[in-house]
>>> print(open('input-v1.cif').read())   # mmCIF, C-alpha atoms
data_target
loop_
_atom_site.label_atom_id
_atom_site.label_comp_id
_atom_site.auth_asym_id
_atom_site.auth_seq_id
_atom_site.Cartn_x
_atom_site.Cartn_y
_atom_site.Cartn_z
CA MET S 1363 0.00 0.00 0.00
CA ALA S 1364 2.94 2.29 0.71
CA GLU S 1365 3.93 1.76 -2.91
CA THR S 1366 0.50 2.93 -3.99
CA ALA S 1367 0.87 6.11 -2.01
CA ILE S 1368 4.28 6.85 -3.50
CA SER S 1369 3.44 6.00 -7.10
CA HIS S 1370 0.35 8.21 -6.98
CA GLY S 1371 1.92 11.11 -5.20
CA HIS S 1372 -0.70 13.56 -6.53
CA ASP S 1373 -3.29 11.92 -4.32
CA VAL S 1374 -1.20 12.63 -1.26
CA GLY S 1375 -1.69 16.05 0.26
CA HIS S 1376 -5.44 16.27 -0.35
CA GLY S 1377 -7.47 16.36 2.87
CA ALA S 1378 -7.74 13.29 5.12
CA HIS S 1379 -6.26 10.08 3.75
CA SER S 1380 -6.95 6.40 4.16
CA SER S 1381 -4.26 3.77 4.67
CA THR S 1382 -4.06 3.48 0.88
CA GLY S 1383 -2.72 7.03 0.67
CA LEU S 1384 -5.83 8.09 -1.21
CA SER S 1385 -8.17 10.89 -0.20
CA ASN S 1386 -11.09 9.58 1.87
CA ASN S 1387 -13.36 12.20 0.32
CA LYS S 1388 -12.53 11.07 -3.20
CA LEU S 1389 -12.84 7.41 -2.25
CA GLY S 1390 -16.26 8.15 -0.73
CA MET S 1391 -17.39 10.05 -3.84
CA TRP S 1392 -16.42 7.17 -6.16
CA MET S 1393 -18.26 4.70 -3.91
CA PHE S 1394 -21.29 6.98 -3.97
CA LEU S 1395 -21.16 7.17 -7.78
CA GLY S 1396 -20.86 3.36 -7.97
CA SER S 1397 -24.03 3.07 -5.86
CA GLU S 1398 -25.76 5.67 -8.04
CA CYS S 1399 -25.21 3.30 -10.98
CA LEU S 1400 -27.56 0.89 -9.22
CA LEU S 1401 -30.22 3.59 -8.75
CA PHE S 1402 -30.20 4.68 -12.37
CA GLY S 1403 -29.76 1.08 -13.54
CA GLY S 1404 -33.05 0.27 -11.79
CA LEU S 1405 -34.85 3.27 -13.28
CA ILE S 1406 -33.54 2.61 -16.81
CA SER S 1407 -34.44 -1.11 -16.56
CA THR S 1408 -37.96 -0.21 -15.43
CA TYR S 1409 -38.34 2.15 -18.36
CA MET S 1410 -37.05 -0.47 -20.82
CA LEU S 1411 -39.58 -2.92 -19.43
CA TYR S 1412 -42.54 -0.54 -19.57
CA LYS S 1413 -41.86 1.64 -22.60
CA GLY S 1414 -44.05 -0.54 -24.79
CA ARG S 1415 -46.95 -0.62 -22.29
CA VAL S 1416 -49.14 2.15 -23.65
CA ASN S 1417 -52.83 1.47 -23.04
CA ALA S 1418 -53.77 5.13 -23.21
CA GLY S 1419 -52.11 8.35 -24.31
CA PRO S 1420 -49.40 8.89 -26.91
CA GLN S 1421 -46.67 6.44 -27.90
CA PRO S 1422 -43.01 7.42 -27.29
CA ASP S 1423 -42.25 8.06 -30.98
CA GLN S 1424 -45.37 10.25 -31.28
CA ILE S 1425 -44.23 12.81 -28.71
CA PHE S 1426 -40.42 12.79 -28.62
CA ASP S 1427 -38.88 15.86 -30.22
CA ILE S 1428 -35.44 14.49 -31.17
CA PRO S 1429 -33.96 17.77 -32.57
CA PHE S 1430 -34.90 19.60 -29.36
CA THR S 1431 -33.56 16.86 -27.07
CA SER S 1432 -30.38 16.64 -29.18
CA VAL S 1433 -29.66 20.31 -28.49
CA SER S 1434 -30.31 19.75 -24.75
CA SER S 1435 -27.96 16.76 -24.78
CA PHE S 1436 -25.28 18.80 -26.54
CA ILE S 1437 -25.61 21.55 -23.93
CA LEU S 1438 -25.19 19.07 -21.06
CA LEU S 1439 -22.21 17.47 -22.81
CA MET S 1440 -20.54 20.85 -23.20
CA SER S 1441 -21.18 21.57 -19.51
CA SER S 1442 -18.85 18.64 -18.79
CA LEU S 1443 -16.13 20.48 -20.74
CA THR S 1444 -16.65 23.71 -18.78
CA MET S 1445 -16.65 21.69 -15.53
CA VAL S 1446 -13.33 20.01 -16.34
CA LEU S 1447 -11.89 23.43 -17.24
CA ALA S 1448 -13.04 24.67 -13.79
CA VAL S 1449 -11.28 21.71 -12.14
CA SER S 1450 -8.16 22.38 -14.21
CA SER S 1451 -8.22 26.09 -13.19
CA ALA S 1452 -8.67 25.13 -9.53
CA GLN S 1453 -5.65 22.81 -9.71
CA ARG S 1454 -3.61 25.70 -11.19
CA LYS S 1455 -4.96 27.95 -8.39
CA ASP S 1456 -6.43 30.23 -11.07
CA GLU S 1457 -9.37 31.47 -9.01
CA ARG S 1458 -10.81 33.87 -11.59
CA ASN S 1459 -11.17 31.26 -14.34
CA MET S 1460 -12.34 28.65 -11.85
CA ASN S 1461 -15.26 30.86 -10.79
CA LEU S 1462 -16.01 31.75 -14.42
CA TRP S 1463 -16.16 28.11 -15.57
CA LEU S 1464 -18.21 27.07 -12.53
CA VAL S 1465 -20.81 29.76 -13.30
CA VAL S 1466 -20.86 28.81 -17.01
CA THR S 1467 -21.35 25.15 -16.03
CA ALA S 1468 -24.25 26.08 -13.75
CA LEU S 1469 -25.83 28.18 -16.52
CA LEU S 1470 -25.54 25.34 -19.04
CA GLY S 1471 -27.06 22.97 -16.47
CA ALA S 1472 -29.90 25.43 -15.83
CA THR S 1473 -30.53 25.63 -19.60
CA PHE S 1474 -30.77 21.84 -19.72
CA VAL S 1475 -33.22 21.74 -16.79
CA GLY S 1476 -35.24 24.55 -18.41
CA GLY S 1477 -35.42 22.46 -21.59
CA GLN S 1478 -36.59 19.46 -19.57
CA VAL S 1479 -39.35 21.54 -17.91
CA TYR S 1480 -40.46 22.75 -21.35
CA GLU S 1481 -40.41 19.16 -22.65
CA PHE S 1482 -42.48 17.85 -19.71
CA THR S 1483 -45.00 20.66 -20.16
CA SER S 1484 -45.42 19.97 -23.87
CA PHE S 1485 -45.75 16.20 -23.26
CA TYR S 1486 -48.42 16.85 -20.65
CA ARG S 1487 -50.32 19.07 -23.09
CA GLU S 1488 -50.14 16.30 -25.68
CA GLY S 1489 -51.84 13.93 -23.25
CA LEU S 1490 -48.99 12.14 -21.47
CA GLY S 1491 -49.54 12.52 -17.72
CA PHE S 1492 -47.67 10.73 -14.95
CA THR S 1493 -50.46 8.16 -14.55
CA THR S 1494 -51.60 7.97 -18.19
CA SER S 1495 -49.67 4.77 -18.91
CA LEU S 1496 -46.79 2.67 -17.60
CA PHE S 1497 -44.64 4.30 -20.27
CA GLY S 1498 -45.53 7.77 -18.92
CA SER S 1499 -44.88 6.81 -15.29
CA SER S 1500 -41.50 5.20 -15.98
CA PHE S 1501 -40.45 7.98 -18.38
CA TYR S 1502 -41.25 10.83 -15.98
CA THR S 1503 -39.67 8.96 -13.04
CA LEU S 1504 -36.42 8.27 -14.90
CA THR S 1505 -35.95 11.68 -16.53
CA GLY S 1506 -37.35 13.44 -13.45
CA PHE S 1507 -34.79 11.76 -11.18
CA HIS S 1508 -32.07 12.79 -13.60
CA GLY S 1509 -33.40 16.37 -13.67
CA VAL S 1510 -33.33 16.48 -9.85
CA HIS S 1511 -29.70 15.31 -9.93
CA VAL S 1512 -28.82 18.10 -12.38
CA SER S 1513 -30.64 20.63 -10.18
CA VAL S 1514 -28.75 19.44 -7.08
CA GLY S 1515 -25.53 19.80 -9.11
CA ILE S 1516 -26.43 23.40 -10.02
CA ILE S 1517 -27.08 24.21 -6.34
CA MET S 1518 -23.70 22.68 -5.40
CA LEU S 1519 -21.93 24.69 -8.12
CA MET S 1520 -23.51 27.98 -7.04
CA ALA S 1521 -22.82 27.21 -3.37
CA LEU S 1522 -19.20 26.51 -4.29
CA VAL S 1523 -18.86 29.85 -6.09
CA GLY S 1524 -20.46 31.67 -3.12
CA MET S 1525 -18.31 29.88 -0.54
CA ASN S 1526 -15.17 30.52 -2.58
CA ARG S 1527 -15.92 34.24 -2.74
CA ASN S 1528 -16.31 34.30 1.06
CA LYS S 1529 -13.18 32.14 1.48
CA ARG S 1530 -15.21 29.54 3.36
CA ILE S 1531 -14.20 26.36 1.52
CA PRO S 1532 -12.66 24.02 4.10
CA GLY S 1533 -9.52 22.01 3.26
CA ASP S 1534 -8.15 21.64 -0.24
CA ARG S 1535 -10.20 23.82 -2.61
CA ALA S 1536 -9.03 21.98 -5.75
CA GLU S 1537 -10.23 18.70 -4.29
CA VAL S 1538 -13.65 20.12 -3.42
CA VAL S 1539 -14.05 21.39 -7.00
CA GLU S 1540 -12.89 18.00 -8.32
CA LEU S 1541 -15.44 16.12 -6.18
CA ILE S 1542 -18.32 18.29 -7.38
CA GLY S 1543 -16.92 17.86 -10.90
CA LEU S 1544 -17.09 14.07 -10.53
CA TYR S 1545 -20.76 14.33 -9.55
CA TRP S 1546 -21.45 16.62 -12.50
CA HIS S 1547 -19.75 14.32 -15.01
CA PHE S 1548 -21.68 11.38 -13.60
CA VAL S 1549 -24.94 13.22 -14.28
CA ASP S 1550 -23.69 13.76 -17.83
CA ILE S 1551 -22.82 10.08 -18.44
CA VAL S 1552 -26.25 9.04 -17.15
CA TRP S 1553 -27.80 11.34 -19.73
CA ILE S 1554 -25.58 9.82 -22.47
CA ILE S 1555 -27.29 6.48 -21.69
CA ILE S 1556 -30.79 7.95 -21.33
CA PHE S 1557 -30.50 9.89 -24.59
CA THR S 1558 -29.62 6.73 -26.53
CA LEU S 1559 -31.87 4.16 -24.84
CA VAL S 1560 -34.92 6.36 -24.23
CA TYR S 1561 -34.95 8.86 -27.09
CA LEU S 1562 -32.97 7.49 -30.03
CA ILE S 1563 -33.95 3.81 -29.88
CA PRO S 1564 -37.65 3.64 -30.70
CA SER S 1565 -40.06 1.30 -28.91
CA MET W 1285 10.22 40.75 -23.34
CA SER W 1286 11.06 37.88 -21.18
CA THR W 1287 10.25 35.52 -24.03
CA ALA W 1288 12.96 37.04 -26.19
CA THR W 1289 15.58 36.55 -23.48
CA GLU W 1290 14.58 32.98 -22.62
CA HIS W 1291 17.25 30.37 -23.26
CA PRO W 1292 16.39 27.16 -25.15
CA GLU W 1293 17.04 25.22 -21.93
CA GLN W 1294 14.45 27.34 -20.13
CA ILE W 1295 11.90 26.84 -22.90
CA GLU W 1296 12.57 23.12 -22.87
CA HIS W 1297 12.17 23.13 -19.09
CA THR W 1298 8.83 25.00 -19.35
CA GLU W 1299 7.54 22.57 -21.99
CA HIS W 1300 8.67 19.69 -19.83
CA ALA W 1301 6.89 21.26 -16.83
CA ASP W 1302 3.67 21.66 -18.89
CA ALA W 1303 3.85 18.05 -20.03
CA HIS W 1304 4.48 16.95 -16.46
CA GLU W 1305 1.54 19.11 -15.29
CA ALA W 1306 -0.72 17.51 -17.91
CA GLU W 1307 0.41 14.06 -16.88
CA HIS W 1308 0.03 15.00 -13.22
CA ASN W 1309 -3.58 16.24 -13.41
CA GLY W 1310 -4.89 14.58 -16.57
CA LEU W 1311 -4.89 16.54 -19.83
CA SER W 1312 -4.13 20.13 -20.71
CA ASP W 1313 -7.02 22.56 -21.36
CA LYS W 1314 -6.44 22.33 -25.10
CA GLN W 1315 -6.61 18.54 -24.97
CA TYR W 1316 -9.87 18.71 -22.99
CA ILE W 1317 -11.32 20.84 -25.78
CA TYR W 1318 -10.23 18.24 -28.37
CA VAL W 1319 -11.94 15.50 -26.32
CA ALA W 1320 -15.12 17.63 -26.16
CA LEU W 1321 -15.00 18.11 -29.95
CA ILE W 1322 -14.73 14.33 -30.43
CA LEU W 1323 -17.72 13.85 -28.10
CA ALA W 1324 -19.67 16.47 -30.04
CA ALA W 1325 -18.87 14.68 -33.32
CA LEU W 1326 -20.00 11.34 -31.85
CA THR W 1327 -23.24 12.99 -30.68
CA ALA W 1328 -23.77 14.35 -34.21
CA ILE W 1329 -23.39 10.80 -35.62
CA GLU W 1330 -25.89 9.54 -33.00
CA VAL W 1331 -28.43 12.19 -33.96
CA SER W 1332 -27.87 11.47 -37.67
CA THR W 1333 -29.31 7.97 -37.12
CA TYR W 1334 -32.67 9.72 -36.62
CA TYR W 1335 -32.51 11.21 -40.13
CA VAL W 1336 -30.48 8.64 -42.10
CA ASP W 1337 -31.45 4.97 -42.45
CA PHE W 1338 -28.60 2.87 -41.03
CA GLY W 1339 -30.45 -0.37 -41.75
CA PRO W 1340 -29.20 -3.31 -39.66
CA PHE W 1341 -26.37 -1.14 -38.29
CA PHE W 1342 -28.81 1.22 -36.56
CA MET W 1343 -28.87 -0.43 -33.13
CA PRO W 1344 -25.17 -1.52 -32.97
CA THR W 1345 -24.06 1.97 -34.08
CA LEU W 1346 -26.06 3.67 -31.35
CA LEU W 1347 -24.97 1.25 -28.62
CA ILE W 1348 -21.28 1.44 -29.60
CA LEU W 1349 -21.37 5.24 -29.74
CA MET W 1350 -23.08 5.32 -26.32
CA VAL W 1351 -20.38 3.13 -24.77
CA VAL W 1352 -17.54 5.09 -26.43
CA LYS W 1353 -18.96 8.42 -25.17
CA PHE W 1354 -19.48 6.99 -21.69
CA VAL W 1355 -15.94 5.60 -21.43
CA THR W 1356 -14.42 8.81 -22.88
CA VAL W 1357 -16.12 11.06 -20.30
CA VAL W 1358 -15.25 8.68 -17.43
CA SER W 1359 -11.63 8.20 -18.54
CA TYR W 1360 -10.69 11.77 -19.47
CA PHE W 1361 -13.12 14.24 -17.87
CA MET W 1362 -13.41 12.22 -14.64
CA HIS W 1363 -9.64 11.49 -14.75
CA LEU W 1364 -10.14 7.77 -14.15
CA LYS W 1365 -7.48 6.98 -16.76
CA PHE W 1366 -4.88 8.99 -14.82
CA ASP W 1367 -6.06 8.30 -11.27
CA ASN W 1368 -5.48 5.43 -8.87
CA LYS W 1369 -6.83 2.10 -10.17
CA LEU W 1370 -8.82 1.62 -6.95
CA PHE W 1371 -11.26 4.34 -8.09
CA THR W 1372 -11.68 2.48 -11.40
CA TYR W 1373 -12.46 -0.77 -9.58
CA LEU W 1374 -14.94 0.96 -7.25
CA PHE W 1375 -16.86 2.65 -10.04
CA TYR W 1376 -16.85 -0.12 -12.62
CA SER W 1377 -17.70 -2.80 -10.03
CA GLY W 1378 -20.82 -0.76 -9.13
CA LEU W 1379 -21.62 -0.37 -12.81
CA LEU W 1380 -21.09 -4.04 -13.65
CA LEU W 1381 -23.13 -5.09 -10.61
CA ALA W 1382 -25.96 -2.83 -11.79
CA VAL W 1383 -25.82 -4.21 -15.34
CA ALA W 1384 -25.69 -7.84 -14.10
CA VAL W 1385 -28.52 -7.43 -11.58
CA TYR W 1386 -30.82 -5.69 -14.04
CA CYS W 1387 -30.03 -8.03 -16.94
CA GLY W 1388 -31.06 -10.86 -14.61
CA PHE W 1389 -34.10 -8.88 -13.52
CA LEU W 1390 -35.23 -8.18 -17.08
CA ALA W 1391 -34.58 -11.79 -18.12
CA THR W 1392 -36.72 -13.01 -15.22
CA PHE W 1393 -39.55 -10.70 -16.23
CA LYS W 1394 -39.30 -11.96 -19.79
CA PHE W 1395 -39.39 -15.56 -18.55
CA PHE W 1396 -42.50 -15.02 -16.39
CA LEU W 1397 -44.27 -13.08 -19.14
CA GLN W 1398 -43.71 -15.95 -21.57
CA LYS W 1399 -44.95 -18.48 -18.99
CA GLY W 1400 -48.00 -16.34 -18.23
#
>>> encode(input="input-v1.cif", output="structure tokens")
Amino acid sequence: MAETAISHGHDVGHGAHSSTGLSNNKLGMWMFLGSECLLFGGLISTYMLYKGRVNAGPQPDQIFDIPFTSVSSFILLMSSLTMVLAVSSAQRKDERNMNLWLVVTALLGATFVGGQVYEFTSFYREGLGFTTSLFGSSFYTLTGFHGVHVSVGIIMLMALVGMNRNKRIPGDRAEVVELIGLYWHFVDIVWIIIFTLVYLIPS
Amino acid sequence: MSTATEHPEQIEHTEHADAHEAEHNGLSDKQYIYVALILAALTAIEVSTYYVDFGPFFMPTLLILMVVKFVTVVSYFMHLKFDNKLFTYLFYSGLLLAVAVYCGFLATFKFFLQKG
């Protein structure tokens, strides 16, 4: 284990460390993300099982607006770029650019959530309510859970910017930004799967 | 001005430091932008399947592109490629467990539906 700590020297010096020489915070975040795979795995599986169960209301391919969702997906994908640039700035101790990229990431995330609210509203107007069909229930649950995760990410990003301005970030600032970045990228990779399995592959 | 007076050794040292920095933390900012451009191009190919008929390659193309995008974000943007292997094991074991459990779950549903 000592070898691990030496060979990965960049992990040493970040907050509290386990006997492996790795940051406990980072280890905890990766474990959390691994467990989140199970949550979204369950939601995606349920959707895959129920997407063909439409007794009432519109079918998936009747209501999905692929060009609109493609733009939303692109925006969320680009927010991963701005997030990694924020992490990179934080590691260089470039505070100005770090704050800038964090705010841009939050704005891109907010645009994505706004698009999702618009999409839900238009689906509801077209006759797809939460209890209309099993397809509707599983669709709104899956994409709704993802939207909540993005919203939580936006709150964390804005809190980080606010705390950084007041110099209230405890411990290693670069590591805190990196941890929130990991969460944000996870939300992005979940959407990569949802976009393909839910929107692009028809029922 | 300082650039004009820099010795080749100093320039070489700076380049070496940048390369070391990139290796230390992952990629450089420019390389992150290149990765994002590749991801954008892959997304464009994905969306094109909605407009262009890919025939029997439709489903495999989408699934392969999904996996490539997923692995690219995890490896480069989440730094898993450059970080300690323990993080890789933690994350991918959770992912594989999820895939295995839900494949079994879906197969069971299929089995009972056919019996019913």
>>> closest_residue(input="input-v1.cif", among="S:Leu1411, S:Thr1431, S:Leu1541, S:Phe1402", to="W:Lys1394", atoms="all atoms listed in the file")
S:Leu1411
>>> atom_distance(input="input-v1.cif", atom1="atom CA of S:Ile1517", atom2="atom CA of S:Thr1473")
13.8 Å
>>> resolve_selection(input="input-v1.cif", expression="the PyMOL selection byres ((chain S) within 8 of (chain W))", output="count of residues only")
36
>>> atom_distance(input="input-v1.cif", atom1="atom CA of S:Leu1384", atom2="atom CA of S:Leu1522")
23.0 Å
>>> atom_distance(input="input-v1.cif", atom1="atom CA of S:Tyr1409", atom2="atom CA of S:Gln1478")
17.4 Å
>>> build_atoms(input="input-v1.cif", residues="stretch 1377-1396 of chain W", atoms="N, CA and C atoms", output="PDB file, keeping the file's coordinate frame")
ATOM      1  N   SER W1377     -17.056  -1.665 -10.701  1.00  0.00           N
ATOM      2  CA  SER W1377     -17.700  -2.800 -10.030  1.00  0.00           C
ATOM      3  C   SER W1377     -19.165  -2.457  -9.740  1.00  0.00           C
ATOM      4  N   GLY W1378     -19.431  -1.196  -9.331  1.00  0.00           N
ATOM      5  CA  GLY W1378     -20.820  -0.760  -9.130  1.00  0.00           C
ATOM      6  C   GLY W1378     -21.602  -0.832 -10.424  1.00  0.00           C
ATOM      7  N   LEU W1379     -20.961  -0.382 -11.500  1.00  0.00           N
ATOM      8  CA  LEU W1379     -21.620  -0.370 -12.810  1.00  0.00           C
ATOM      9  C   LEU W1379     -21.913  -1.787 -13.298  1.00  0.00           C
ATOM     10  N   LEU W1380     -20.905  -2.654 -13.189  1.00  0.00           N
ATOM     11  CA  LEU W1380     -21.090  -4.040 -13.650  1.00  0.00           C
ATOM     12  C   LEU W1380     -22.134  -4.759 -12.807  1.00  0.00           C
ATOM     13  N   LEU W1381     -22.121  -4.489 -11.486  1.00  0.00           N
ATOM     14  CA  LEU W1381     -23.130  -5.090 -10.610  1.00  0.00           C
ATOM     15  C   LEU W1381     -24.531  -4.657 -11.054  1.00  0.00           C
ATOM     16  N   ALA W1382     -24.666  -3.356 -11.344  1.00  0.00           N
ATOM     17  CA  ALA W1382     -25.960  -2.830 -11.790  1.00  0.00           C
ATOM     18  C   ALA W1382     -26.400  -3.508 -13.085  1.00  0.00           C
ATOM     19  N   VAL W1383     -25.485  -3.602 -14.050  1.00  0.00           N
ATOM     20  CA  VAL W1383     -25.820  -4.210 -15.340  1.00  0.00           C
ATOM     21  C   VAL W1383     -26.208  -5.674 -15.151  1.00  0.00           C
ATOM     22  N   ALA W1384     -25.420  -6.400 -14.319  1.00  0.00           N
ATOM     23  CA  ALA W1384     -25.690  -7.840 -14.100  1.00  0.00           C
ATOM     24  C   ALA W1384     -27.032  -8.051 -13.410  1.00  0.00           C
ATOM     25  N   VAL W1385     -27.280  -7.278 -12.345  1.00  0.00           N
ATOM     26  CA  VAL W1385     -28.520  -7.430 -11.580  1.00  0.00           C
ATOM     27  C   VAL W1385     -29.728  -7.145 -12.475  1.00  0.00           C
ATOM     28  N   TYR W1386     -29.637  -6.074 -13.264  1.00  0.00           N
ATOM     29  CA  TYR W1386     -30.820  -5.690 -14.040  1.00  0.00           C
ATOM     30  C   TYR W1386     -30.982  -6.528 -15.312  1.00  0.00           C
ATOM     31  N   CYS W1387     -29.885  -7.082 -15.826  1.00  0.00           N
ATOM     32  CA  CYS W1387     -30.030  -8.030 -16.940  1.00  0.00           C
ATOM     33  C   CYS W1387     -30.778  -9.265 -16.422  1.00  0.00           C
ATOM     34  N   GLY W1388     -30.375  -9.719 -15.235  1.00  0.00           N
ATOM     35  CA  GLY W1388     -31.060 -10.860 -14.610  1.00  0.00           C
ATOM     36  C   GLY W1388     -32.518 -10.541 -14.334  1.00  0.00           C
ATOM     37  N   PHE W1389     -32.756  -9.342 -13.835  1.00  0.00           N
ATOM     38  CA  PHE W1389     -34.100  -8.880 -13.520  1.00  0.00           C
ATOM     39  C   PHE W1389     -34.993  -8.848 -14.774  1.00  0.00           C
ATOM     40  N   LEU W1390     -34.460  -8.269 -15.831  1.00  0.00           N
ATOM     41  CA  LEU W1390     -35.230  -8.180 -17.080  1.00  0.00           C
ATOM     42  C   LEU W1390     -35.458  -9.560 -17.688  1.00  0.00           C
ATOM     43  N   ALA W1391     -34.445 -10.431 -17.592  1.00  0.00           N
ATOM     44  CA  ALA W1391     -34.580 -11.790 -18.120  1.00  0.00           C
ATOM     45  C   ALA W1391     -35.664 -12.548 -17.364  1.00  0.00           C
ATOM     46  N   THR W1392     -35.709 -12.358 -16.033  1.00  0.00           N
ATOM     47  CA  THR W1392     -36.720 -13.010 -15.220  1.00  0.00           C
ATOM     48  C   THR W1392     -38.117 -12.541 -15.607  1.00  0.00           C
ATOM     49  N   PHE W1393     -38.252 -11.237 -15.820  1.00  0.00           N
ATOM     50  CA  PHE W1393     -39.550 -10.700 -16.230  1.00  0.00           C
ATOM     51  C   PHE W1393     -39.991 -11.310 -17.550  1.00  0.00           C
ATOM     52  N   LYS W1394     -39.032 -11.393 -18.476  1.00  0.00           N
ATOM     53  CA  LYS W1394     -39.300 -11.960 -19.790  1.00  0.00           C
ATOM     54  C   LYS W1394     -39.780 -13.403 -19.652  1.00  0.00           C
ATOM     55  N   PHE W1395     -39.076 -14.158 -18.781  1.00  0.00           N
ATOM     56  CA  PHE W1395     -39.390 -15.560 -18.550  1.00  0.00           C
ATOM     57  C   PHE W1395     -40.816 -15.712 -18.012  1.00  0.00           C
ATOM     58  N   PHE W1396     -41.169 -14.905 -16.994  1.00  0.00           N
ATOM     59  CA  PHE W1396     -42.500 -15.020 -16.390  1.00  0.00           C
ATOM     60  C   PHE W1396     -43.595 -14.575 -17.353  1.00  0.00           C
TER      61      PHE W1396
END
